[in-house]
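S.K.: The structure under discussion is supplied below as structure tokens; questions concerning it will follow.
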Amino acid sequence: MTRTTKANGDSKMQREAVRLVSSRINFYSNKFPSYKIGAESIIIEPKNDSEGQPLKEIVAKETTELLERRQRPSVRDLTRKFEKGLNTATWLSDEVSWRQVAFLERDVLIKKLRDILELLRAHVVGRNKDEVEESITMVESLAVQLSQREGELLRQKSEVKKLATSLKLASEDAKRIVEEERANAHKEIERAREAVHRVEQVIHEQEMLHGQAEKQDVQKFRTEVHEARRIKMLHYPSKVMDMDHEIQILRDQLKERCLNSIHLRKELAMTKKSEENKNNLYEFEGLESLGSSLHIIPRTSTTPDISKFSIQWYRMQPQGSKKELITGATKSVYAPEPFDVGWFLQAEVILGDDIVRVTTTGPIDPAAGLGSYVEALVRKPETEFNVVIIQVNGNDQQSDSIHVLNVGKLRMKLTRGKAIIAKEFYSSSMQLCGARGGGNAAAQALFWRAKKGLHFTLAFESVRERNAAVMLARRFAIDCNIVLAGPCYRTPG
């Protein structure tokens, strides 16, 4: 332990030095450590307890608090603030003076703290004196650090000022450029509007000129036409009327002569066929048109009965000798179907070694009004016909109950009440044609093979409905790329 002498003057100086410490420095015990003087003026150090702290820790703590209180924003923060606008730059300019005041206050506090520690060092000895000297060293190093920090802050301040100046100049340049571009854009818009207005005026003037010219031309033409008509009616009224009347008479005569020529040609063809058939033993009885029946009858009473010989019907092209076999038509009676319209019909009667051919005098004519009736039915999705089943798979049916034949755009269906007898879509295996088995009702019957192994012979209420059903089904089948015809049919080449 080091001995020292306690004097009243020194105690008074120490108390005055303690009062000079700034109130911002907060020691843990709010006073310096107390020392006890024992016998022979020996300073006795107090025992360390949990309530007191060493002076080194107190100074370090106060230094940290000073650094935290005097901490300033970095360049990145200042740059981020400058990006918010010119107002932040103005605020930073005002902050410069405040920082200078803070630096002065900090220097004063450090100077006071150093003076106090110097006074303490003069009045303490031993270990306490070492601690005071160490504290003085720390304060001096703190002053150096703060000076360095102050230099860095000054450099940052100069950089911030430069940045604020550049931002301000850039903002002013940007405002100037925007104003110039806006003024240029307004000028361009005004020039474009003026150009459009001039073009619209020119177009409007041209339209007005063209409209006036067209109106004048039309009015001039009308005037000339009226004048020509007036002159025509004044000078040549009777002559014009006579010429119109003569032209109409000539047209009527030409039409009449054309009809007569066609009629004479047809009569000539019929006469030629009649001359050819005079030598035949048989001839046709019945109208040569769709909806009728052709019967092969003998010419004289001495002609052999035709039922004893075999017969085969053919259809022939109007021009040429090519003919097509009608499969199943082997009776003396045949009812033309829609496929026969425009063709000649010929029947061959085999009399032993001789063959007698009987041919129609002209092509089979279409039925009157049937085409328009079928066109009306085509517009419907489905059409129903009342029929009676005569045969099923070649077997005669005794029942005369009414059935319904439904002809649709995609399929045909035969029903009796709610029961479905046959329903098939159009296909290459389906066949449909007029009945070829003869009989008095051949013109009202048709043959329908729904599929392989199932075919019907159906009788309709009228000849018109039978032919309409055949034409309608074939029309719908063609829409499905299917040719609906009779057995062994081949498309004419």
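Residue numbering restarts at 1 in every chain; chains get A, B, ... in the order shown in the structure tokens, and ligands count up from 1 in that same order.
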I need the residues in range 373-419 of chain A that are alpha helix (DSSP H) according to DSSP; give them as an MDAnalysis selection string.

M.R.: chainID A and resid 373:378

S.K.: Contacts of Trp448 in chain A at 8 Å or less, counting only C-alpha atoms, minus same-chain residues fewer than 2 places along, as an mmCIF file with C-alpha atoms, in the first residue's frame?

M.R.:
data_model
loop_
_atom_site.group_PDB
_atom_site.id
_atom_site.type_symbol
_atom_site.label_atom_id
_atom_site.label_comp_id
_atom_site.auth_asym_id
_atom_site.auth_seq_id
_atom_site.Cartn_x
_atom_site.Cartn_y
_atom_site.Cartn_z
ATOM 1 C CA MET A 430 -79.456 -51.000 -98.064
ATOM 2 C CA GLN A 431 -81.589 -51.218 -101.235
ATOM 3 C CA LEU A 432 -84.735 -49.317 -102.224
ATOM 4 C CA CYS A 433 -86.710 -49.365 -105.485
ATOM 5 C CA LEU A 446 -91.827 -50.601 -103.211
ATOM 6 C CA ALA A 450 -83.016 -52.768 -94.649
ATOM 7 C CA HIS A 455 -86.265 -57.057 -96.789
ATOM 8 C CA PHE A 456 -89.861 -55.884 -97.139
ATOM 9 C CA THR A 457 -92.420 -55.205 -99.850
ATOM 10 C CA LEU A 458 -94.545 -52.243 -98.711
#

S.K.: Kindly give the distance, in Å, that separates CA of Ile402 in chain A and CA of Leu472 in chain A, rounded to a single decimal.

M.R.: 20.9 Å

S.K.: For Ser135 in chain A, which residue out of A:Ser158, A:Thr63, A:Gln219, A:Asn481 is the nearest one, using only C-alpha atoms?

M.R.: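 Ranking A:Ser158, A:Thr63, A:Gln219, A:Asn481 by distance to Ser135 in chain A, first place goes to A:Thr63.
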
S.K.: I need the residue nearest Ser310 in chain A from this list: A:Leu268, A:Ala347, A:Val341, A:Leu117. Use only C-alpha atoms for the distance.

M.R.: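 Counting only C-alpha atoms, the residue closest to Ser310 in chain A is A:Ala347.
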
S.K.: Give the answer as one residue: which of A:Arg121, A:Gly369, A:Asp354, A:Pro338 has the shortest atom-to-atom distance to Leu484 in chain A, using only C-alpha atoms?

M.R.: A:Pro338

S.K.: Can you list, as an MDAnalysis selection string, all residues belonging to range 317-346 of chain A that DSSP tags as strand (DSSP E)?

M.R.: chainID A and resid 323:325 333:334 344:346

S.K.: For the residues in the current selection, export N, CA and C atoms as a PDB file, in the first residue's frame.

M.R.:
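Written file, part_16.pdb:
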ATOM      1  N   LYS A 323     -78.319 -50.464-122.883  1.00  0.00           N
ATOM      2  CA  LYS A 323     -79.468 -50.703-122.019  1.00  0.00           C
ATOM      3  C   LYS A 323     -79.009 -51.360-120.724  1.00  0.00           C
ATOM      4  N   GLU A 324     -79.867 -51.245-119.726  1.00  0.00           N
ATOM      5  CA  GLU A 324     -79.530 -51.709-118.379  1.00  0.00           C
ATOM      6  C   GLU A 324     -80.594 -52.672-117.910  1.00  0.00           C
ATOM      7  N   LEU A 325     -80.172 -53.802-117.396  1.00  0.00           N
ATOM      8  CA  LEU A 325     -81.090 -54.828-116.911  1.00  0.00           C
ATOM      9  C   LEU A 325     -81.774 -54.363-115.629  1.00  0.00           C
ATOM     10  N   VAL A 333     -96.321 -56.927-116.124  1.00  0.00           N
ATOM     11  CA  VAL A 333     -96.693 -55.601-115.630  1.00  0.00           C
ATOM     12  C   VAL A 333     -95.471 -54.988-114.953  1.00  0.00           C
ATOM     13  N   TYR A 334     -95.195 -53.714-115.267  1.00  0.00           N
ATOM     14  CA  TYR A 334     -94.083 -53.002-114.644  1.00  0.00           C
ATOM     15  C   TYR A 334     -94.509 -51.559-114.395  1.00  0.00           C
ATOM     16  N   PHE A 344     -85.899 -44.828-121.932  1.00  0.00           N
ATOM     17  CA  PHE A 344     -86.836 -45.722-122.611  1.00  0.00           C
ATOM     18  C   PHE A 344     -86.923 -47.029-121.843  1.00  0.00           C
ATOM     19  N   LEU A 345     -88.110 -47.651-121.867  1.00  0.00           N
ATOM     20  CA  LEU A 345     -88.304 -48.973-121.277  1.00  0.00           C
ATOM     21  C   LEU A 345     -88.533 -49.985-122.388  1.00  0.00           C
ATOM     22  N   GLN A 346     -87.921 -51.126-122.243  1.00  0.00           N
ATOM     23  CA  GLN A 346     -88.044 -52.185-123.238  1.00  0.00           C
ATOM     24  C   GLN A 346     -88.256 -53.510-122.533  1.00  0.00           C
TER      25      GLN A 346
END

S.K.: Mind checking which residues fall within 12 Å of Gly352 in chain A, counting only C-alpha atoms, ignoring those fewer than 5 positions away in the same chain, and posting them as a list of chain:residue names?

M.R.: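 Listing them by chain and then by number gives A:Pro304, A:Lys308, A:Phe309, A:Ser310, A:Ile311.
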
S.K.: In Å to one decimal, how far is CA of Met471 in chain A from CA of Ile389 in chain A?

M.R.: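 Pair CA of Ile389 in chain A / CA of Met471 in chain A returns 19.8 Å.
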